[in-house]
file data.pdb (PDB, C-alpha atoms and all ligand atoms)
MODEL        1
ATOM      1  CA  MET A   1     -17.714  -2.001  11.438
ATOM      2  CA  LEU A   2     -14.325  -2.254   9.709
ATOM      3  CA  VAL A   3     -10.825  -1.963  11.140
ATOM      4  CA  ILE A   4      -8.256  -1.029   8.496
ATOM      5  CA  SER A   5      -4.512  -0.575   8.901
ATOM      6  CA  LEU A   6      -2.840   1.466   6.162
ATOM      7  CA  GLY A   7       0.960   1.192   5.890
ATOM      8  CA  GLY A   8       2.802   4.493   5.693
ATOM      9  CA  SER A   9       4.659   3.360   2.570
ATOM     10  CA  VAL A  10       1.329   3.295   0.699
ATOM     11  CA  ILE A  11       0.788   7.034   1.097
ATOM     12  CA  TRP A  12       4.383   7.980   0.344
ATOM     13  CA  ASN A  13       5.999   6.371  -2.674
ATOM     14  CA  ASN A  14       8.614   8.583  -4.334
ATOM     15  CA  GLY A  15       6.622  11.572  -3.109
ATOM     16  CA  ILE A  16       3.217  11.890  -1.488
ATOM     17  CA  ASN A  17       0.550   9.783  -3.183
ATOM     18  CA  LEU A  18      -2.173  12.445  -3.096
ATOM     19  CA  ASP A  19      -4.430  10.824  -5.689
ATOM     20  CA  TYR A  20      -4.545   7.616  -3.655
ATOM     21  CA  ILE A  21      -5.246   9.517  -0.434
ATOM     22  CA  LYS A  22      -8.222  11.226  -2.138
ATOM     23  CA  ARG A  23      -9.592   7.925  -3.424
ATOM     24  CA  PHE A  24      -9.156   6.259  -0.050
ATOM     25  CA  ARG A  25     -10.999   9.094   1.719
ATOM     26  CA  GLU A  26     -13.874   8.655  -0.751
ATOM     27  CA  LEU A  27     -13.918   4.915  -0.133
ATOM     28  CA  MET A  28     -14.110   5.406   3.651
ATOM     29  CA  ASP A  29     -16.985   7.846   3.391
ATOM     30  CA  SER A  30     -18.886   5.735   0.848
ATOM     31  CA  LEU A  31     -18.852   2.537   2.902
ATOM     32  CA  LYS A  32     -21.982   1.855   4.927
ATOM     33  CA  GLU A  33     -19.847   0.360   7.723
ATOM     34  CA  LYS A  34     -18.236   2.422  10.454
ATOM     35  CA  VAL A  35     -14.510   2.666   9.609
ATOM     36  CA  PHE A  36     -11.614   2.663  12.089
ATOM     37  CA  LEU A  37      -8.469   3.540  10.131
ATOM     38  CA  VAL A  38      -4.993   3.216  11.643
ATOM     39  CA  VAL A  39      -2.281   4.906   9.561
ATOM     40  CA  GLY A  40       1.456   4.075   9.602
ATOM     41  CA  GLY A  41       4.384   6.478   9.713
ATOM     42  CA  GLY A  42       6.139   5.587   6.440
ATOM     43  CA  LYS A  43       8.968   7.781   5.216
ATOM     44  CA  THR A  44       8.283  10.583   7.704
ATOM     45  CA  ALA A  45       8.694   8.190  10.657
ATOM     46  CA  ARG A  46      11.818   6.630   9.147
ATOM     47  CA  ASP A  47      13.451  10.024   8.428
ATOM     48  CA  TYR A  48      12.856  11.284  11.970
ATOM     49  CA  ILE A  49      13.973   8.021  13.563
ATOM     50  CA  ILE A  50      17.218   8.161  11.526
ATOM     51  CA  MET A  51      17.803  11.771  12.600
ATOM     52  CA  GLY A  52      17.014  10.969  16.237
ATOM     53  CA  LYS A  53      19.366   7.972  16.161
ATOM     54  CA  SER A  54      22.181  10.151  14.821
ATOM     55  CA  LEU A  55      21.536  12.536  17.715
ATOM     56  CA  GLY A  56      21.847   9.644  20.192
ATOM     57  CA  PHE A  57      18.190   9.523  21.322
ATOM     58  CA  ASP A  58      17.039   6.389  23.157
ATOM     59  CA  GLU A  59      14.603   3.907  21.601
ATOM     60  CA  TYR A  60      11.684   5.222  23.674
ATOM     61  CA  ILE A  61      12.005   8.732  22.219
ATOM     62  CA  LEU A  62      12.570   7.282  18.739
ATOM     63  CA  ASP A  63       9.266   5.405  19.092
ATOM     64  CA  GLN A  64       7.582   8.611  20.249
ATOM     65  CA  MET A  65       8.912  10.362  17.138
ATOM     66  CA  GLY A  66       7.520   7.499  15.049
ATOM     67  CA  ILE A  67       4.127   7.841  16.773
ATOM     68  CA  THR A  68       4.053  11.581  16.032
ATOM     69  CA  ALA A  69       4.697  10.823  12.344
ATOM     70  CA  THR A  70       1.859   8.265  12.253
ATOM     71  CA  ARG A  71      -0.535  10.833  13.745
ATOM     72  CA  LEU A  72       0.516  13.446  11.179
ATOM     73  CA  ASN A  73      -0.113  10.936   8.369
ATOM     74  CA  ALA A  74      -3.457   9.995   9.940
ATOM     75  CA  MET A  75      -4.603  13.630   9.765
ATOM     76  CA  LEU A  76      -4.587  13.339   5.962
ATOM     77  CA  PHE A  77      -7.591  11.013   6.276
ATOM     78  CA  ILE A  78      -9.850  13.245   8.376
ATOM     79  CA  THR A  79     -13.032  13.971   6.403
ATOM     80  CA  SER A  80     -16.366  15.599   7.231
ATOM     81  CA  GLN A  81     -17.560  12.170   8.463
ATOM     82  CA  THR A  82     -14.594  11.613  10.754
ATOM     83  CA  TYR A  83     -13.909  12.480  14.384
ATOM     84  CA  PRO A  84     -11.969  15.729  13.853
ATOM     85  CA  LYS A  85      -9.094  14.823  16.210
ATOM     86  CA  ILE A  86      -6.555  12.018  16.250
ATOM     87  CA  PRO A  87      -7.380   9.753  19.226
ATOM     88  CA  GLN A  88      -4.319   9.079  21.386
ATOM     89  CA  THR A  89      -5.588   5.727  22.671
ATOM     90  CA  VAL A  90      -7.760   2.806  21.583
ATOM     91  CA  ASP A  91     -10.319   3.775  24.255
ATOM     92  CA  GLU A  92     -10.537   7.339  22.930
ATOM     93  CA  ALA A  93     -11.074   5.969  19.410
ATOM     94  CA  ILE A  94     -13.977   3.845  20.616
ATOM     95  CA  ILE A  95     -15.599   6.715  22.519
ATOM     96  CA  ALA A  96     -15.178   8.972  19.438
ATOM     97  CA  SER A  97     -16.851   6.384  17.223
ATOM     98  CA  GLN A  98     -20.046   6.704  19.244
ATOM     99  CA  SER A  99     -20.567  10.190  17.785
ATOM    100  CA  TYR A 100     -18.868   9.918  14.356
ATOM    101  CA  LYS A 101     -19.091   7.473  11.446
ATOM    102  CA  ASN A 102     -15.321   7.152  10.981
ATOM    103  CA  VAL A 103     -12.273   7.446  13.223
ATOM    104  CA  VAL A 104      -8.659   7.750  12.015
ATOM    105  CA  MET A 105      -5.619   7.364  14.246
ATOM    106  CA  GLY A 106      -1.923   6.526  14.308
ATOM    107  CA  GLY A 107       0.178   4.904  17.017
ATOM    108  CA  THR A 108      -0.532   4.896  20.744
ATOM    109  CA  GLU A 109       2.509   4.060  22.899
ATOM    110  CA  PRO A 110       6.153   2.982  22.398
ATOM    111  CA  GLY A 111       7.022  -0.685  21.958
ATOM    112  CA  HIS A 112       4.939  -1.768  18.991
ATOM    113  CA  THR A 113       3.751  -0.576  15.566
ATOM    114  CA  THR A 114       0.431   0.613  14.172
ATOM    115  CA  ASP A 115      -0.292  -2.996  13.137
ATOM    116  CA  ALA A 116      -0.588  -3.860  16.831
ATOM    117  CA  VAL A 117      -2.812  -0.810  17.389
ATOM    118  CA  SER A 118      -5.209  -2.028  14.679
ATOM    119  CA  LEU A 119      -5.391  -5.478  16.283
ATOM    120  CA  LEU A 120      -5.980  -4.062  19.784
ATOM    121  CA  LEU A 121      -8.720  -1.868  18.359
ATOM    122  CA  ALA A 122     -10.312  -4.887  16.649
ATOM    123  CA  GLU A 123     -10.044  -6.895  19.874
ATOM    124  CA  LYS A 124     -11.772  -4.193  21.912
ATOM    125  CA  LEU A 125     -14.480  -3.865  19.242
ATOM    126  CA  HIS A 126     -14.943  -7.670  19.026
ATOM    127  CA  ALA A 127     -14.207  -7.419  15.297
ATOM    128  CA  LYS A 128     -13.244 -10.670  13.605
ATOM    129  CA  MET A 129     -11.011  -9.203  10.898
ATOM    130  CA  VAL A 130      -8.490  -6.467  10.183
ATOM    131  CA  ILE A 131      -7.624  -5.338   6.658
ATOM    132  CA  ASN A 132      -3.924  -4.519   6.454
ATOM    133  CA  ILE A 133      -2.978  -2.520   3.359
ATOM    134  CA  THR A 134       0.715  -2.578   2.410
ATOM    135  CA  SER A 135       2.711  -1.514  -0.624
ATOM    136  CA  VAL A 136       3.959  -5.109  -1.013
ATOM    137  CA  GLY A 137       0.380  -6.382  -0.924
ATOM    138  CA  GLY A 138       0.725  -9.734   0.791
ATOM    139  CA  ILE A 139       3.159 -12.081   2.452
ATOM    140  CA  TYR A 140       5.735 -13.688   0.190
ATOM    141  CA  ASP A 141       8.182 -16.550   0.619
ATOM    142  CA  HIS A 142      11.004 -14.123  -0.307
ATOM    143  CA  ASP A 143      11.234 -10.337  -0.481
ATOM    144  CA  PRO A 144       9.374  -9.621  -3.777
ATOM    145  CA  THR A 145      11.207  -6.307  -4.203
ATOM    146  CA  LYS A 146      14.488  -8.232  -4.411
ATOM    147  CA  PHE A 147      13.568 -11.687  -5.733
ATOM    148  CA  LYS A 148      11.681 -11.953  -9.044
ATOM    149  CA  ASP A 149      10.576 -15.529  -8.339
ATOM    150  CA  ALA A 150       9.058 -14.667  -4.928
ATOM    151  CA  LYS A 151       5.679 -16.381  -4.475
ATOM    152  CA  ILE A 152       2.745 -15.034  -2.528
ATOM    153  CA  ILE A 153       1.556 -17.155   0.404
ATOM    154  CA  ARG A 154      -2.265 -17.175   0.258
ATOM    155  CA  GLU A 155      -2.963 -18.418   3.790
ATOM    156  CA  LEU A 156      -0.946 -18.605   6.983
ATOM    157  CA  SER A 157      -1.706 -19.861  10.490
ATOM    158  CA  TYR A 158      -0.818 -17.650  13.456
ATOM    159  CA  GLY A 159       1.897 -20.182  14.321
ATOM    160  CA  ASP A 160       3.468 -19.940  10.844
ATOM    161  CA  ALA A 161       3.251 -16.129  10.935
ATOM    162  CA  LYS A 162       5.057 -16.066  14.304
ATOM    163  CA  LYS A 163       7.745 -18.435  12.975
ATOM    164  CA  MET A 164       8.238 -16.173   9.941
ATOM    165  CA  ILE A 165       8.628 -13.076  12.109
ATOM    166  CA  LEU A 166      11.154 -14.791  14.358
ATOM    167  CA  SER A 167      13.170 -16.198  11.431
ATOM    168  CA  LYS A 168      13.068 -12.794   9.705
ATOM    169  CA  MET A 169      15.041 -11.405  12.626
ATOM    170  CA  MET A 170      17.832 -13.831  11.707
ATOM    171  CA  GLU A 171      17.410 -14.225   7.973
ATOM    172  CA  ALA A 172      17.318 -11.190   5.694
ATOM    173  CA  GLY A 173      14.990 -11.532   2.717
ATOM    174  CA  LEU A 174      11.860 -12.972   4.313
ATOM    175  CA  ASN A 175       9.065 -10.502   4.093
ATOM    176  CA  ILE A 176       6.332 -10.243   6.697
ATOM    177  CA  PRO A 177       4.909  -6.807   7.373
ATOM    178  CA  PHE A 178       3.923  -7.515  10.983
ATOM    179  CA  ASP A 179       5.126  -7.219  14.523
ATOM    180  CA  LEU A 180       4.835 -10.038  17.016
ATOM    181  CA  VAL A 181       2.501  -8.099  19.328
ATOM    182  CA  ALA A 182      -0.006  -7.788  16.477
ATOM    183  CA  ILE A 183       0.034 -11.550  15.773
ATOM    184  CA  LYS A 184      -0.274 -12.417  19.461
ATOM    185  CA  VAL A 185      -3.348 -10.202  19.875
ATOM    186  CA  ALA A 186      -4.855 -11.631  16.680
ATOM    187  CA  GLU A 187      -4.279 -15.175  17.903
ATOM    188  CA  ARG A 188      -5.675 -14.738  21.409
ATOM    189  CA  SER A 189      -8.904 -13.250  20.021
ATOM    190  CA  GLY A 190      -9.155 -15.204  16.738
ATOM    191  CA  ILE A 191      -8.964 -12.109  14.510
ATOM    192  CA  LYS A 192      -8.075 -12.782  10.871
ATOM    193  CA  ILE A 193      -5.620 -10.398   9.209
ATOM    194  CA  TYR A 194      -6.090  -9.757   5.488
ATOM    195  CA  VAL A 195      -2.807  -8.416   4.096
ATOM    196  CA  VAL A 196      -3.642  -6.788   0.764
ATOM    197  CA  PRO A 197      -2.251  -4.373  -1.847
ATOM    198  CA  LYS A 198      -3.515  -0.803  -2.025
ATOM    199  CA  ASP A 199      -5.860  -1.442  -5.005
ATOM    200  CA  ILE A 200      -9.254   0.010  -3.968
ATOM    201  CA  GLU A 201     -11.327  -2.513  -6.001
ATOM    202  CA  ASN A 202      -9.463  -5.363  -4.319
ATOM    203  CA  ILE A 203     -10.152  -3.833  -0.871
ATOM    204  CA  LYS A 204     -13.867  -3.743  -1.748
ATOM    205  CA  LYS A 205     -13.667  -7.464  -2.617
ATOM    206  CA  VAL A 206     -12.299  -8.270   0.855
ATOM    207  CA  ILE A 207     -15.103  -6.242   2.426
ATOM    208  CA  ASN A 208     -17.717  -8.000   0.274
ATOM    209  CA  ASN A 209     -16.276 -11.432   1.046
ATOM    210  CA  GLU A 210     -15.283 -12.048  -2.596
ATOM    211  CA  ASP A 211     -12.054 -13.546  -4.004
ATOM    212  CA  PHE A 212      -9.231 -11.096  -3.365
ATOM    213  CA  LYS A 213      -5.499 -10.678  -3.994
ATOM    214  CA  GLY A 214      -3.371 -10.972  -0.855
ATOM    215  CA  THR A 215      -2.732 -13.160   2.186
ATOM    216  CA  VAL A 216      -4.963 -14.134   5.084
ATOM    217  CA  ILE A 217      -3.368 -14.839   8.478
ATOM    218  CA  GLY A 218      -5.371 -16.913  10.934
ATOM    219  CA  ILE A 219      -6.249 -20.231   9.306
ATOM    220  CA  PRO A 220      -6.098 -23.263  11.673
ATOM    221  CA  ASP A 221      -2.656 -24.833  12.242
ATOM    222  CA  ARG A 222      -2.062 -27.769   9.920
TER     223      ARG A 222
HETATM  224  P1  LIG B 301       4.557   2.107  11.831
HETATM  225  O1  LIG B 301       3.387   1.421  12.370
HETATM  226  O2  LIG B 301       4.430   2.848  10.563
HETATM  227  O3  LIG B 301       5.748   1.079  11.814
HETATM  228  O4  LIG B 301       5.096   3.104  12.944
HETATM  229  P2  LIG B 301       6.586   0.311  10.723
HETATM  230  O5  LIG B 301       6.239  -1.128  10.793
HETATM  231  O6  LIG B 301       8.009   0.688  11.044
HETATM  232  O7  LIG B 301       6.172   0.884   9.320
HETATM  233  P3  LIG B 301       5.390   0.203   8.077
HETATM  234  O8  LIG B 301       4.243  -0.593   8.667
HETATM  235  O9  LIG B 301       6.395  -0.651   7.404
HETATM  236  O10 LIG B 301       4.927   1.394   7.286
HETATM  237  C1  LIG B 301       6.303   3.850  12.763
HETATM  238  C2  LIG B 301       7.116   3.807  14.016
HETATM  239  O11 LIG B 301       6.439   4.492  15.085
HETATM  240  C3  LIG B 301       6.630   3.848  16.323
HETATM  241  C4  LIG B 301       7.608   2.693  16.048
HETATM  242  O12 LIG B 301       8.923   3.199  16.227
HETATM  243  C5  LIG B 301       7.367   2.402  14.574
HETATM  244  O13 LIG B 301       8.462   1.781  13.947
HETATM  245  N1  LIG B 301       5.315   3.406  16.900
HETATM  246  C6  LIG B 301       4.204   3.317  16.114
HETATM  247  C7  LIG B 301       5.203   3.129  18.265
HETATM  248  O14 LIG B 301       6.196   3.194  19.000
HETATM  249  N2  LIG B 301       3.982   2.792  18.790
HETATM  250  C8  LIG B 301       2.862   2.707  18.025
HETATM  251  O15 LIG B 301       1.769   2.417  18.563
HETATM  252  C9  LIG B 301       2.990   2.963  16.645
ENDMDL
END

call {"tool": "encode", "arguments": {"input": "data.pdb", "output": "structure tokens", "more": "lines below"}}
Ligand code: UTP
result
Amino acid sequence: MLVISLGGSVIWNNGINLDYIKRFRELMDSLKEKVFLVVGGGKTARDYIIMGKSLGFDEYILDQMGITATRLNAMLFITSQTYPKIPQTVDEAIIASQSYKNVVMGGTEPGHTTDAVSLLLAEKLHAKMVINITSVGGIYDHDPTKFKDAKIIRELSYGDAKKMILSKMMEAGLNIPFDLVAIKVAERSGIKIYVVPKDIENIKKVINNEDFKGTVIGIPDR
């Protein structure tokens, strides 16, 4: 089985990326493995969170708005081979997978992002990897959208990933598309996270254990 986390920015990039959504749906259905896809909120989540903030909503409601956006985005990936509802919890996703080849979902509860959901799902399934698809396509030493000389980091330990997340809170420019909850779950269960660009052929290489473009989190500490 495969657990895949798809960042919301991948499906919305200066307008909805319909061609990519179609190709991704085909990929999911063509794979022999059972697929658990967790979709992020992207622009829809951001827009609603900005509006909610301006209206003075608390963080809990803002997170709930974000979750609703992730579930709406997830619906775009329902196919004839997928559980026809969006599971609200990791447990519901697992029960649904007993009757359907694929399951797509968004967020679950306030306090973390869909990255954490994908790791919790992998933990419960005893999966040893999660494929995390982002528009940036890996983890860089600087923000590659701002710095031309930014270099991709091919491998990171959980410890280094945690340090990067914590320093990102203080230092603008570092780019790590993860929340701390996700890394902690990955670490406690030894789940590797493959952070990759949206390129479908490259995703197939990760699945087939071939050389791929991107970053893997979860190598032993040096
Ligand atoms: P995302 O997972 O898309 O978060 O959820 P993100 O990291 O901000 O976006 P990407 O990965 O860069 O695309 C959108 C928002 O929904 C809420 C959070 O507010 C999050 O920022 N959310 C999501 C939750 O509160 N719980 C969840 O389980 C998932």

call {"tool": "resolve_selection", "arguments": {"input": "data.pdb", "expression": "the PyMOL selection byres (((chain A and resi 140) around 7) and not hetatm)", "output": "PDB file with C-alpha atoms, in the coordinates of the input"}}
result
ATOM      1  CA  GLY A 138       0.725  -9.734   0.791  1.00  0.00           C
ATOM      2  CA  ILE A 139       3.159 -12.081   2.452  1.00  0.00           C
ATOM      3  CA  ASP A 141       8.182 -16.550   0.619  1.00  0.00           C
ATOM      4  CA  HIS A 142      11.004 -14.123  -0.307  1.00  0.00           C
ATOM      5  CA  ASP A 143      11.234 -10.337  -0.481  1.00  0.00           C
ATOM      6  CA  PRO A 144       9.374  -9.621  -3.777  1.00  0.00           C
ATOM      7  CA  ALA A 150       9.058 -14.667  -4.928  1.00  0.00           C
ATOM      8  CA  LYS A 151       5.679 -16.381  -4.475  1.00  0.00           C
ATOM      9  CA  ILE A 152       2.745 -15.034  -2.528  1.00  0.00           C
ATOM     10  CA  ILE A 153       1.556 -17.155   0.404  1.00  0.00           C
ATOM     11  CA  ASN A 175       9.065 -10.502   4.093  1.00  0.00           C
TER      12      ASN A 175
END

call {"tool": "atom_distance", "arguments": {"input": "data.pdb", "atom1": "CA of Ser135 (chain A)", "atom2": "CA of Phe36 (chain A)"}}
result
19.6 Å

call {"tool": "resolve_selection", "arguments": {"input": "data.pdb", "expression": "the PyMOL selection byres (((chain A and resi 189-191) around 9) and not hetatm)", "output": "PyMOL selection string"}}
result
chain A and resi 119+122-123+126-130+184-188+192-193+217-218

call {"tool": "resolve_selection", "arguments": {"input": "data.pdb", "expression": "the PyMOL selection byres (((not hetatm)) within 6 of (chain B and resi 301))", "output": "PyMOL selection string"}}
result
chain A and resi 7-9+40-42+45+63-64+66-67+107-115+117

call {"tool": "write_last_selection", "arguments": {"input": "data.pdb", "atoms": "C-alpha atoms", "output": "PDB file, in the coordinates of the input"}}
result
ATOM      1  CA  GLY A   7       0.960   1.192   5.890  1.00  0.00           C
ATOM      2  CA  GLY A   8       2.802   4.493   5.693  1.00  0.00           C
ATOM      3  CA  SER A   9       4.659   3.360   2.570  1.00  0.00           C
ATOM      4  CA  GLY A  40       1.456   4.075   9.602  1.00  0.00           C
ATOM      5  CA  GLY A  41       4.384   6.478   9.713  1.00  0.00           C
ATOM      6  CA  GLY A  42       6.139   5.587   6.440  1.00  0.00           C
ATOM      7  CA  ALA A  45       8.694   8.190  10.657  1.00  0.00           C
ATOM      8  CA  ASP A  63       9.266   5.405  19.092  1.00  0.00           C
ATOM      9  CA  GLN A  64       7.582   8.611  20.249  1.00  0.00           C
ATOM     10  CA  GLY A  66       7.520   7.499  15.049  1.00  0.00           C
ATOM     11  CA  ILE A  67       4.127   7.841  16.773  1.00  0.00           C
ATOM     12  CA  GLY A 107       0.178   4.904  17.017  1.00  0.00           C
ATOM     13  CA  THR A 108      -0.532   4.896  20.744  1.00  0.00           C
ATOM     14  CA  GLU A 109       2.509   4.060  22.899  1.00  0.00           C
ATOM     15  CA  PRO A 110       6.153   2.982  22.398  1.00  0.00           C
ATOM     16  CA  GLY A 111       7.022  -0.685  21.958  1.00  0.00           C
ATOM     17  CA  HIS A 112       4.939  -1.768  18.991  1.00  0.00           C
ATOM     18  CA  THR A 113       3.751  -0.576  15.566  1.00  0.00           C
ATOM     19  CA  THR A 114       0.431   0.613  14.172  1.00  0.00           C
ATOM     20  CA  ASP A 115      -0.292  -2.996  13.137  1.00  0.00           C
ATOM     21  CA  VAL A 117      -2.812  -0.810  17.389  1.00  0.00           C
TER      22      VAL A 117
END

call {"tool": "closest_residue", "arguments": {"input": "data.pdb", "among": "A:Lys162, A:Leu121, A:Ile131, A:Lys146", "to": "Asn209 (chain A)", "atoms": "all atoms listed in the file"}}
result
A:Ile131

call {"tool": "residues_near_point", "arguments": {"input": "data.pdb", "point": "(-18.4, 0.8, 6.0)", "cutoff": "10 Å", "atoms": "all atoms listed in the file", "output": "ChimeraX atom specification"}}
result
/A:1-3,27-36,101-102,207

call {"tool": "residues_around", "arguments": {"input": "data.pdb", "residues": "Leu120 (chain A)", "least_positions_apart": "4", "cutoff": "8 Å", "atoms": "all atoms listed in the file", "output": "PyMOL selection string"}}
result
chain A and resi 90+116+124+182+185
